file target.cif (mmCIF, C-alpha atoms)
data_start
#
loop_
_atom_site.label_atom_id
_atom_site.label_comp_id
_atom_site.auth_asym_id
_atom_site.auth_seq_id
_atom_site.Cartn_x
_atom_site.Cartn_y
_atom_site.Cartn_z
CA MET F 67 83.50 -28.97 123.73
CA LEU F 68 86.85 -30.73 123.44
CA ILE F 69 87.81 -28.79 120.29
CA TYR F 70 86.75 -25.55 121.96
CA ARG F 71 88.95 -26.29 124.98
CA LYS F 72 91.90 -27.11 122.75
CA ILE F 73 91.52 -23.82 120.82
CA VAL F 74 91.30 -21.84 124.05
CA SER F 75 94.40 -23.55 125.41
CA LEU F 76 96.29 -22.84 122.19
CA PHE F 77 95.47 -19.15 122.46
CA ALA F 78 96.36 -19.07 126.13
CA VAL F 79 99.76 -20.67 125.67
CA SER F 80 100.51 -18.56 122.56
CA TYR F 81 99.66 -15.41 124.47
CA ARG F 82 101.98 -16.36 127.32
CA PHE F 83 104.83 -16.93 124.86
CA SER F 84 104.27 -13.56 123.24
CA LEU F 85 104.64 -11.97 126.67
CA LEU F 86 107.99 -13.66 127.16
CA LYS F 87 109.27 -11.61 124.21
CA LEU F 88 111.42 -14.39 122.86
CA HIS F 89 113.07 -13.91 119.49
CA SER F 90 110.99 -15.38 116.71
CA PRO F 91 112.93 -18.65 115.91
CA PHE F 92 113.33 -19.42 119.60
CA ARG F 93 109.71 -18.62 120.20
CA THR F 94 108.57 -21.03 117.50
CA ALA F 95 110.78 -23.86 118.78
CA ALA F 96 109.89 -23.31 122.42
CA ALA F 97 106.21 -22.95 121.63
CA SER F 98 106.10 -26.24 119.74
CA LEU F 99 107.92 -27.95 122.62
CA PHE F 100 105.31 -26.77 125.10
CA LEU F 101 102.23 -26.70 122.92
CA LEU F 102 102.21 -30.32 121.80
CA PRO F 103 102.23 -31.86 125.29
CA ALA F 104 99.76 -29.23 126.51
CA VAL F 105 97.26 -30.05 123.76
CA SER F 106 97.57 -33.82 124.15
CA LEU F 107 97.34 -33.54 127.95
CA MET F 108 94.13 -31.56 127.67
CA GLY F 109 92.65 -34.22 125.40
CA CYS F 110 93.53 -36.97 127.89
CA GLN F 111 92.11 -35.06 130.83
CA SER F 112 88.71 -34.57 129.26
CA GLN F 113 88.48 -38.26 128.32
CA ASP F 114 89.35 -39.41 131.85
CA VAL F 115 86.78 -37.11 133.36
CA ARG F 116 83.97 -38.24 131.03
CA ALA F 117 82.83 -41.48 132.69
CA SER F 118 83.65 -40.93 136.35
CA ASN F 119 82.16 -37.44 136.41
CA ALA F 120 78.94 -38.30 134.60
CA LYS F 121 75.93 -37.27 136.63
CA PRO F 122 74.15 -40.33 138.10
CA LEU F 123 70.61 -40.88 136.88
CA PRO F 124 67.86 -41.83 139.32
CA MET F 125 67.45 -45.56 139.82
CA PRO F 126 64.65 -46.88 137.61
CA THR F 127 61.90 -49.25 138.69
CA ALA F 128 62.46 -52.79 137.47
CA ALA F 129 60.17 -53.89 134.66
CA LYS F 130 58.83 -57.44 134.51
CA GLY F 131 61.67 -59.95 134.09
CA GLU F 132 64.24 -57.33 135.00
CA VAL F 133 66.30 -56.63 138.07
CA VAL F 134 67.87 -53.30 138.95
CA VAL F 135 71.10 -53.66 140.91
CA LYS F 136 72.38 -50.78 143.01
CA LEU F 137 76.12 -50.30 142.55
CA GLU F 138 78.42 -48.82 145.13
CA PRO F 139 82.15 -48.17 145.45
CA SER F 140 83.81 -51.39 146.57
CA ARG F 141 87.14 -53.10 147.05
CA LEU F 142 86.47 -55.50 144.20
CA LYS F 143 88.92 -55.39 141.34
CA ARG F 144 88.79 -57.20 138.05
CA GLU F 145 92.03 -59.01 137.40
CA GLY F 146 92.98 -58.69 133.76
CA GLN F 147 94.32 -61.48 131.63
CA LEU F 148 97.89 -62.46 132.48
CA LYS F 149 100.00 -61.56 129.47
CA ILE F 150 103.38 -63.23 129.23
CA GLY F 151 105.84 -61.44 127.00
CA LYS F 152 109.54 -61.30 126.27
CA GLY F 153 111.73 -58.72 127.94
CA TRP F 154 115.43 -57.94 127.78
CA PHE F 155 117.65 -60.86 126.79
CA GLY F 156 114.53 -62.98 126.25
CA ALA F 157 113.55 -62.95 129.93
CA PRO F 158 109.79 -63.45 130.43
CA THR F 159 107.71 -60.44 131.41
CA PHE F 160 104.37 -60.63 133.18
CA ASP F 161 101.67 -58.04 132.78
CA GLN F 162 98.31 -58.17 134.50
CA LYS F 163 96.21 -55.05 134.78
CA GLU F 164 93.61 -54.56 137.48
CA GLU F 165 90.45 -52.53 137.16
CA GLN F 166 88.64 -50.96 140.13
CA LEU F 167 84.93 -51.78 140.17
CA VAL F 168 81.67 -50.50 141.56
CA SER F 169 79.63 -53.46 142.72
CA GLY F 170 76.31 -54.71 144.00
CA ASN F 171 74.56 -57.97 144.80
CA VAL F 172 72.05 -59.98 142.86
CA THR F 173 70.20 -63.10 143.97
CA VAL F 174 69.56 -65.80 141.38
CA ASN F 175 67.66 -68.98 142.30
CA GLY F 176 68.38 -68.35 145.98
CA GLU F 177 72.12 -67.80 145.48
CA LYS F 178 73.67 -64.40 146.09
CA PHE F 179 76.33 -63.12 143.70
CA ALA F 180 78.43 -59.96 143.69
CA ILE F 181 78.56 -58.26 140.31
CA GLY F 182 80.68 -55.30 139.26
CA ILE F 183 81.39 -52.93 136.42
CA PRO F 184 84.38 -50.61 135.89
CA LYS F 185 84.32 -47.68 138.29
CA ASP F 186 85.33 -45.21 135.60
CA GLY F 187 83.50 -46.68 132.63
CA PRO F 188 83.21 -46.46 129.71
CA TYR F 189 79.79 -48.08 129.78
CA GLU F 190 79.43 -49.11 126.17
CA LEU F 191 76.94 -51.98 125.90
CA LYS F 192 77.35 -52.77 122.22
CA ALA F 193 80.33 -54.23 120.42
CA ASP F 194 81.53 -52.94 117.10
CA GLU F 195 81.02 -55.97 114.84
CA ASP F 196 83.81 -54.87 112.51
CA GLU F 197 86.35 -54.76 115.28
CA TYR F 198 88.44 -57.84 115.98
CA LYS F 199 88.37 -57.18 119.74
CA ASN F 200 85.09 -56.78 121.60
CA SER F 201 85.12 -53.28 123.08
CA SER F 202 81.90 -53.47 125.07
CA MET F 203 81.90 -52.96 128.84
CA ARG F 204 83.00 -55.88 131.00
CA ILE F 205 80.64 -57.07 133.69
CA SER F 206 82.19 -59.21 136.41
CA VAL F 207 80.35 -61.89 138.36
CA ASP F 208 81.93 -63.43 141.46
CA ALA F 209 80.64 -66.88 140.57
CA ASN F 210 82.31 -68.72 143.44
CA ASN F 211 81.96 -65.90 146.00
CA ASP F 212 85.64 -65.84 146.86
CA GLY F 213 85.99 -62.06 146.61
CA ARG F 214 88.33 -62.38 143.63
CA LEU F 215 87.44 -61.62 140.05
CA PRO F 216 89.85 -63.28 137.65
CA ASP F 217 89.49 -62.53 133.96
CA HIS F 218 87.34 -65.58 133.28
CA GLU F 219 84.68 -64.27 135.69
CA SER F 220 84.09 -61.22 133.52
CA TRP F 221 81.80 -61.05 130.52
CA PHE F 222 81.30 -58.75 127.59
CA SER F 223 78.08 -56.84 128.09
CA SER F 224 77.27 -57.09 124.37
CA ASN F 225 76.66 -60.84 124.86
CA PRO F 226 74.23 -62.62 127.17
CA PHE F 227 76.14 -63.59 130.32
CA ARG F 228 75.84 -66.18 133.03
CA ILE F 229 74.99 -65.70 136.69
CA GLY F 230 74.84 -69.08 138.44
CA ASP F 231 73.00 -71.30 135.98
CA SER F 232 70.89 -68.56 134.39
CA MET F 233 71.54 -66.23 131.49
CA PHE F 234 71.08 -62.46 131.59
CA THR F 235 71.57 -59.44 129.38
CA VAL F 236 72.43 -55.89 130.39
CA SER F 237 69.40 -53.71 129.52
CA ALA F 238 70.72 -50.41 130.78
CA VAL F 239 73.47 -48.90 132.86
CA ASP F 240 73.62 -45.58 134.63
CA PRO F 241 76.23 -43.30 132.97
CA GLY F 242 77.26 -42.37 136.51
CA GLY F 243 77.77 -46.04 137.40
CA THR F 244 75.33 -46.17 140.33
CA TRP F 245 72.99 -48.86 138.99
CA ILE F 246 72.62 -51.48 136.28
CA THR F 247 69.50 -53.15 134.90
CA LEU F 248 69.68 -56.85 134.03
CA ALA F 249 67.08 -58.83 132.11
CA LYS F 250 66.65 -62.59 132.16
CA SER F 251 67.59 -64.09 128.82
CA SER F 252 66.10 -67.15 127.18
CA VAL F 253 69.28 -68.08 125.30
CA PRO F 254 70.75 -71.50 126.15
CA LEU F 255 73.26 -71.65 129.00
CA ALA F 256 76.67 -70.41 127.84
CA GLY F 257 80.07 -69.68 129.33
CA VAL F 258 82.36 -71.80 131.47
CA VAL F 259 82.28 -71.14 135.21
CA LEU F 260 84.53 -72.89 137.73
CA GLY F 261 82.72 -75.55 139.73
CA ARG F 262 79.60 -75.41 137.58
CA ARG F 263 78.41 -77.50 134.69
CA CYS F 264 79.86 -76.83 131.29
CA PRO F 265 77.25 -75.55 128.85
CA ASP F 266 76.09 -78.04 126.24
CA PHE F 267 77.62 -77.63 122.82
CA GLU F 268 77.18 -79.12 119.38
CA LEU F 269 80.13 -78.61 117.07
CA TRP F 270 81.39 -80.09 113.82
CA THR F 271 84.99 -81.18 113.52
CA THR F 272 87.08 -80.73 110.37
CA THR F 273 86.47 -84.41 109.55
CA GLY F 274 82.70 -83.82 109.54
CA LYS F 275 82.00 -85.50 112.88
CA LYS F 276 79.47 -83.97 115.27
CA VAL F 277 80.73 -83.55 118.84
CA THR F 278 78.60 -82.70 121.86
CA LEU F 279 79.33 -82.41 125.56
CA ALA F 280 77.44 -85.67 126.14
CA ASP F 281 80.06 -87.52 124.05
CA TYR F 282 82.60 -86.82 126.77
CA LYS F 283 80.55 -88.08 129.70
CA GLY F 284 82.70 -90.22 131.98
CA LYS F 285 85.95 -88.73 130.61
CA HIS F 286 87.95 -85.65 131.35
CA LEU F 287 87.78 -83.14 128.54
CA LEU F 288 90.37 -80.51 127.70
CA LEU F 289 89.04 -77.73 125.51
CA ASP F 290 92.01 -76.14 123.79
CA VAL F 291 91.50 -72.72 122.19
CA TRP F 292 94.32 -72.39 119.68
CA SER F 293 95.45 -70.81 116.49
CA MET F 294 98.21 -71.65 114.07
CA THR F 295 98.70 -67.99 113.16
CA MET D 25 99.62 -81.84 125.87
CA LYS D 26 100.70 -84.85 123.85
CA GLY D 27 102.42 -86.22 126.93
CA ILE D 28 99.33 -85.69 129.08
CA GLN D 29 97.12 -87.40 126.52
CA LYS D 30 99.51 -90.34 126.32
CA LYS D 31 99.72 -90.62 130.10
CA TYR D 32 95.98 -90.84 130.71
CA GLY D 33 94.85 -92.48 127.47
CA GLN D 34 91.88 -91.67 125.25
CA ASP D 35 89.43 -93.58 127.46
CA LYS D 36 90.09 -91.26 130.40
CA LEU D 37 90.97 -87.97 128.75
CA GLN D 38 90.00 -86.37 125.47
CA VAL D 39 91.21 -83.17 123.87
CA LEU D 40 88.96 -81.04 121.70
CA LEU D 41 90.77 -78.38 119.68
CA LEU D 42 88.93 -75.16 118.98
CA SER D 43 90.71 -73.30 116.22
CA VAL D 44 90.12 -69.54 116.05
CA ASP D 45 92.11 -68.93 112.86
CA SER D 46 89.03 -67.90 110.87
CA GLY D 47 88.59 -64.95 113.19
CA TYR D 48 91.76 -63.41 111.75
CA GLY D 49 90.28 -63.16 108.28
CA ILE D 50 91.55 -66.55 107.09
CA ASN D 51 89.13 -68.48 104.92
CA PRO D 52 87.74 -71.44 106.97
CA GLN D 53 88.79 -73.94 104.29
CA ARG D 54 92.34 -72.59 104.25
CA ALA D 55 92.36 -72.49 108.06
CA MET D 56 91.32 -76.14 108.11
CA GLU D 57 94.17 -77.13 105.77
CA SER D 58 96.78 -75.07 107.63
CA ASP D 59 95.58 -76.41 110.97
CA LEU D 60 95.97 -79.96 109.73
CA LYS D 61 99.50 -79.22 108.56
CA THR D 62 100.41 -77.82 111.99
CA MET D 63 98.71 -80.70 113.78
CA THR D 64 100.49 -83.27 111.61
CA LYS D 65 103.81 -81.60 112.32
CA GLN D 66 103.08 -81.93 116.04
CA GLY D 67 101.80 -85.48 115.67
CA VAL D 68 98.27 -84.71 116.88
CA GLN D 69 96.45 -84.96 113.54
CA ASP D 70 94.00 -87.47 115.06
CA TRP D 71 92.70 -85.04 117.66
CA PRO D 72 89.27 -83.60 116.79
CA ASN D 73 89.60 -80.03 115.60
CA VAL D 74 86.76 -77.54 115.23
CA VAL D 75 87.33 -74.47 113.07
CA LEU D 76 85.12 -71.76 114.51
CA PRO D 77 83.98 -69.48 111.66
CA ASN D 78 84.05 -66.32 113.76
CA GLY D 79 87.14 -67.25 115.73
CA MET D 80 87.42 -65.81 119.22
CA LYS D 81 83.97 -64.22 118.90
CA ASP D 82 82.54 -67.76 118.86
CA THR D 83 84.55 -68.91 121.88
CA GLU D 84 83.41 -65.76 123.69
CA ARG D 85 79.77 -66.38 122.89
CA MET D 86 79.77 -70.12 123.64
CA PHE D 87 82.28 -70.44 126.47
CA ASN D 88 83.14 -66.88 127.54
CA LEU D 89 86.73 -67.58 126.54
CA ASP D 90 88.52 -64.68 124.89
CA GLY D 91 92.06 -65.95 125.01
CA TYR D 92 94.16 -68.99 124.24
CA GLY D 93 94.52 -71.78 126.75
CA LEU D 94 92.98 -74.87 128.22
CA THR D 95 89.71 -75.46 130.01
CA LEU D 96 89.26 -78.69 131.96
CA VAL D 97 85.86 -80.34 132.28
CA ASP D 98 85.56 -83.36 134.58
CA PRO D 99 83.73 -86.64 133.76
CA ASN D 100 80.50 -85.24 135.25
CA GLY D 101 80.58 -82.17 133.01
CA ILE D 102 81.76 -79.82 135.79
CA VAL D 103 84.34 -77.16 134.88
CA ARG D 104 87.52 -77.65 136.95
CA GLY D 105 89.98 -75.24 135.35
CA ILE D 106 89.85 -72.23 133.05
CA HIS D 107 92.82 -70.65 131.25
CA ILE D 108 95.15 -73.27 132.69
CA TYR D 109 98.68 -73.97 131.52
CA GLY D 110 101.58 -76.33 132.16
CA ASP D 111 101.80 -77.81 135.63
CA ASP D 112 98.30 -76.59 136.58
CA VAL D 113 96.83 -79.01 134.03
CA THR D 114 98.74 -81.98 135.43
CA GLU D 115 97.92 -80.98 139.01
CA LEU D 116 94.19 -80.67 138.29
CA LEU D 117 94.12 -83.95 136.38
CA GLU D 118 95.94 -85.78 139.16
CA LYS D 119 93.44 -84.38 141.62
CA GLY D 120 90.66 -85.50 139.30
CA PHE D 121 92.05 -89.01 139.06
CA GLY D 122 92.44 -89.10 142.83
CA LYS D 123 96.24 -89.25 142.91
#

call {"tool": "encode", "arguments": {"input": "target.cif", "output": "structure tokens"}}
result
Amino acid sequence: MLIYRKIVSLFAVSYRFSLLKLHSPFRTAAASLFLLPAVSLMGCQSQDVRASNAKPLPMPTAAKGEVVVKLEPSRLKREGQLKIGKGWFGAPTFDQKEEQLVSGNVTVNGEKFAIGIPKDGPYELKADEDEYKNSSMRISVDANNDGRLPDHESWFSSNPFRIGDSMFTVSAVDPGGTWITLAKSSVPLAGVVLGRRCPDFELWTTTGKKVTLADYKGKHLLLDVWSMT
Amino acid sequence: MKGIQKKYGQDKLQVLLLSVDSGYGINPQRAMESDLKTMTKQGVQDWPNVVLPNGMKDTERMFNLDGYGLTLVDPNGIVRGIHIYGDDVTELLEKGFGK
């Protein structure tokens, strides 16, 4: 469909230039000036339209162990990760992108949580294992019900994710973004959530020592994600 | 970080390093050696360091952390800060120690 649209646009623009009766060298130069942006613009337009214009599917009935959450347009926005960079003359630059969400509510163990997914998709539930960055859809959970969704309250839908003190997976999502189906997961509790208990871990240090969360009981613990690269 | 650790002492505060170098295609053994070099240079070679074989994919899966930074867990195992830096760390710790 996209290729077809591009071919049609090429013909349309070429035809218009032939009508202008420009001399051949000028016509070629002018056509290339106009054609390139026209073609790339058409490509962008069709990609933008894809997710937000997808026809909503009817809401399914929840199977056993599943919950179907109705999603509606909302004011909730996912705050992206704050990226600090270097600008002119070494001055720091701050970049934080926001993403508009569609949201709904889910009750887990008597607690109500707002959850949201990007309003305009894409709704990819699987991550490409070969890719360094996880490209699956982000699902946001307002864990402390403050109406804000900082980056650490969003989860990759390719992994099990945490709502309250329970784990869930995304079973299905409406391509039109009007509902999402969540299934309870039996994986151990994972993910850090402000004000809630840290999930248990068992890791091996470079000196061969086993460390668990229990080892740090009675002490403050700073987990430092780092890289020397 | 070194200053913070010194201020509160090992009996009150511990740091656990989670190295994600292996996620960038570096062999875990080499990552371990390079990490140690960097840590020695910074004088923190005694801090426990965990080299996660799948790098950031492991921190994502275990802790839902997909970026660098600090996460503070209090003595009762409750998470008090996520993706915290600089003064926020000191502020949260002071609050935690009741200052």

call {"tool": "closest_residue", "arguments": {"input": "target.cif", "among": "F:Ser202, F:Asn119, F:Ser252, F:Asn225", "to": "chain D", "atoms": "all atoms listed in the file"}}
result
F:Asn225

call {"tool": "closest_atom_pairs", "arguments": {"input": "target.cif", "of": "chain F", "to": "chain D", "cutoff": "9 Å", "atoms": "all atoms listed in the file", "output": "JSON lines"}}
result
{"residue": "F:Gln147", "atom": "CA", "partner": "D:Gly91", "partner_atom": "CA", "distance": 8.3}
{"residue": "F:Tyr198", "atom": "CA", "partner": "D:Gly47", "partner_atom": "CA", "distance": 7.6}
{"residue": "F:Lys199", "atom": "CA", "partner": "D:Lys81", "partner_atom": "CA", "distance": 8.3}
{"residue": "F:Asn200", "atom": "CA", "partner": "D:Lys81", "partner_atom": "CA", "distance": 8.0}
{"residue": "F:His218", "atom": "CA", "partner": "D:Leu89", "partner_atom": "CA", "distance": 7.1}
{"residue": "F:Glu219", "atom": "CA", "partner": "D:Asn88", "partner_atom": "CA", "distance": 8.7}
{"residue": "F:Ser220", "atom": "CA", "partner": "D:Asn88", "partner_atom": "CA", "distance": 8.3}
{"residue": "F:Trp221", "atom": "CA", "partner": "D:Asn88", "partner_atom": "CA", "distance": 6.7}
{"residue": "F:Phe222", "atom": "CA", "partner": "D:Glu84", "partner_atom": "CA", "distance": 8.3}
{"residue": "F:Asn225", "atom": "CA", "partner": "D:Arg85", "partner_atom": "CA", "distance": 6.7}
{"residue": "F:Pro226", "atom": "CA", "partner": "D:Arg85", "partner_atom": "CA", "distance": 7.9}
{"residue": "F:Phe227", "atom": "CA", "partner": "D:Asn88", "partner_atom": "CA", "distance": 8.2}
{"residue": "F:Leu255", "atom": "CA", "partner": "D:Met86", "partner_atom": "CA", "distance": 8.6}
{"residue": "F:Ala256", "atom": "CA", "partner": "D:Met86", "partner_atom": "CA", "distance": 5.2}
{"residue": "F:Gly257", "atom": "CA", "partner": "D:Phe87", "partner_atom": "CA", "distance": 3.7}
{"residue": "F:Val258", "atom": "CA", "partner": "D:Phe87", "partner_atom": "CA", "distance": 5.2}
{"residue": "F:Val259", "atom": "CA", "partner": "D:Val103", "partner_atom": "CA", "distance": 6.4}
{"residue": "F:Leu260", "atom": "CA", "partner": "D:Val103", "partner_atom": "CA", "distance": 5.1}
{"residue": "F:Gly261", "atom": "CA", "partner": "D:Val103", "partner_atom": "CA", "distance": 5.4}
{"residue": "F:Arg262", "atom": "CA", "partner": "D:Ile102", "partner_atom": "CA", "distance": 5.2}
{"residue": "F:Arg263", "atom": "CA", "partner": "D:Ile102", "partner_atom": "CA", "distance": 4.2}
{"residue": "F:Cys264", "atom": "CA", "partner": "D:Gly101", "partner_atom": "CA", "distance": 5.7}
{"residue": "F:Pro265", "atom": "CA", "partner": "D:Phe87", "partner_atom": "CA", "distance": 7.6}
{"residue": "F:Phe267", "atom": "CA", "partner": "D:Met86", "partner_atom": "CA", "distance": 7.9}
{"residue": "F:Leu269", "atom": "CA", "partner": "D:Val74", "partner_atom": "CA", "distance": 7.0}
{"residue": "F:Trp270", "atom": "CA", "partner": "D:Val74", "partner_atom": "CA", "distance": 6.1}
{"residue": "F:Thr271", "atom": "CA", "partner": "D:Val74", "partner_atom": "CA", "distance": 4.4}
{"residue": "F:Thr272", "atom": "CA", "partner": "D:Val74", "partner_atom": "CA", "distance": 5.8}
{"residue": "F:Thr273", "atom": "CA", "partner": "D:Pro72", "partner_atom": "CA", "distance": 7.8}
{"residue": "F:Lys275", "atom": "CA", "partner": "D:Pro72", "partner_atom": "CA", "distance": 8.5}
{"residue": "F:Val277", "atom": "CA", "partner": "D:Pro72", "partner_atom": "CA", "distance": 8.8}
{"residue": "F:Leu279", "atom": "CA", "partner": "D:Gly101", "partner_atom": "CA", "distance": 7.6}
{"residue": "F:Ala280", "atom": "CA", "partner": "D:Gly101", "partner_atom": "CA", "distance": 8.3}
{"residue": "F:Tyr282", "atom": "CA", "partner": "D:Pro99", "partner_atom": "CA", "distance": 7.1}
{"residue": "F:Lys283", "atom": "CA", "partner": "D:Pro99", "partner_atom": "CA", "distance": 5.4}
{"residue": "F:Gly284", "atom": "CA", "partner": "D:Pro99", "partner_atom": "CA", "distance": 4.1}
{"residue": "F:Lys285", "atom": "CA", "partner": "D:Pro99", "partner_atom": "CA", "distance": 4.4}
{"residue": "F:His286", "atom": "CA", "partner": "D:Leu37", "partner_atom": "CA", "distance": 4.6}
{"residue": "F:Leu287", "atom": "CA", "partner": "D:Gln38", "partner_atom": "CA", "distance": 5.0}
{"residue": "F:Leu288", "atom": "CA", "partner": "D:Val39", "partner_atom": "CA", "distance": 4.7}
{"residue": "F:Leu289", "atom": "CA", "partner": "D:Leu40", "partner_atom": "CA", "distance": 5.0}
{"residue": "F:Asp290", "atom": "CA", "partner": "D:Leu94", "partner_atom": "CA", "distance": 4.7}
{"residue": "F:Val291", "atom": "CA", "partner": "D:Leu42", "partner_atom": "CA", "distance": 4.8}
{"residue": "F:Trp292", "atom": "CA", "partner": "D:Ser43", "partner_atom": "CA", "distance": 5.1}
{"residue": "F:Ser293", "atom": "CA", "partner": "D:Asp45", "partner_atom": "CA", "distance": 5.3}
{"residue": "F:Met294", "atom": "CA", "partner": "D:Asp59", "partner_atom": "CA", "distance": 6.3}
{"residue": "F:Thr295", "atom": "CA", "partner": "D:Asp45", "partner_atom": "CA", "distance": 6.7}

call {"tool": "resolve_selection", "arguments": {"input": "target.cif", "expression": "the PyMOL selection byres ((chain F and resi 120-126) around 12)", "output": "ChimeraX atom specification"}}
result
/F:112-119,127-129,132-138,185-189,237-248

call {"tool": "resolve_selection", "arguments": {"input": "target.cif", "expression": "the PyMOL selection byres ((chain F and resi 209) around 7)", "output": "CSV table (one decimal) with C-alpha atoms, keeping the file's coordinate frame"}}
result
chain,number,residue,atom,x,y,z
F,179,PHE,CA,76.3,-63.1,143.7
F,207,VAL,CA,80.4,-61.9,138.4
F,208,ASP,CA,81.9,-63.4,141.5
F,210,ASN,CA,82.3,-68.7,143.4
F,211,ASN,CA,82.0,-65.9,146.0
F,219,GLU,CA,84.7,-64.3,135.7
F,229,ILE,CA,75.0,-65.7,136.7
F,230,GLY,CA,74.8,-69.1,138.4

call {"tool": "atom_distance", "arguments": {"input": "target.cif", "atom1": "atom CA of F:Leu215", "atom2": "atom CA of F:Gly182"}}
result
9.3 Å

call {"tool": "atom_distance", "arguments": {"input": "target.cif", "atom1": "atom CA of F:Pro254", "atom2": "atom CA of D:Asp82"}}
result
14.4 Å

call {"tool": "closest_residue", "arguments": {"input": "target.cif", "among": "D:Gly67, D:Glu118, D:Asp111, D:Pro77", "to": "D:Lys26", "atoms": "all atoms listed in the file"}}
result
D:Gly67

call {"tool": "atom_distance", "arguments": {"input": "target.cif", "atom1": "atom CA of F:Ser169", "atom2": "atom CA of F:Leu142"}}
result
7.3 Å
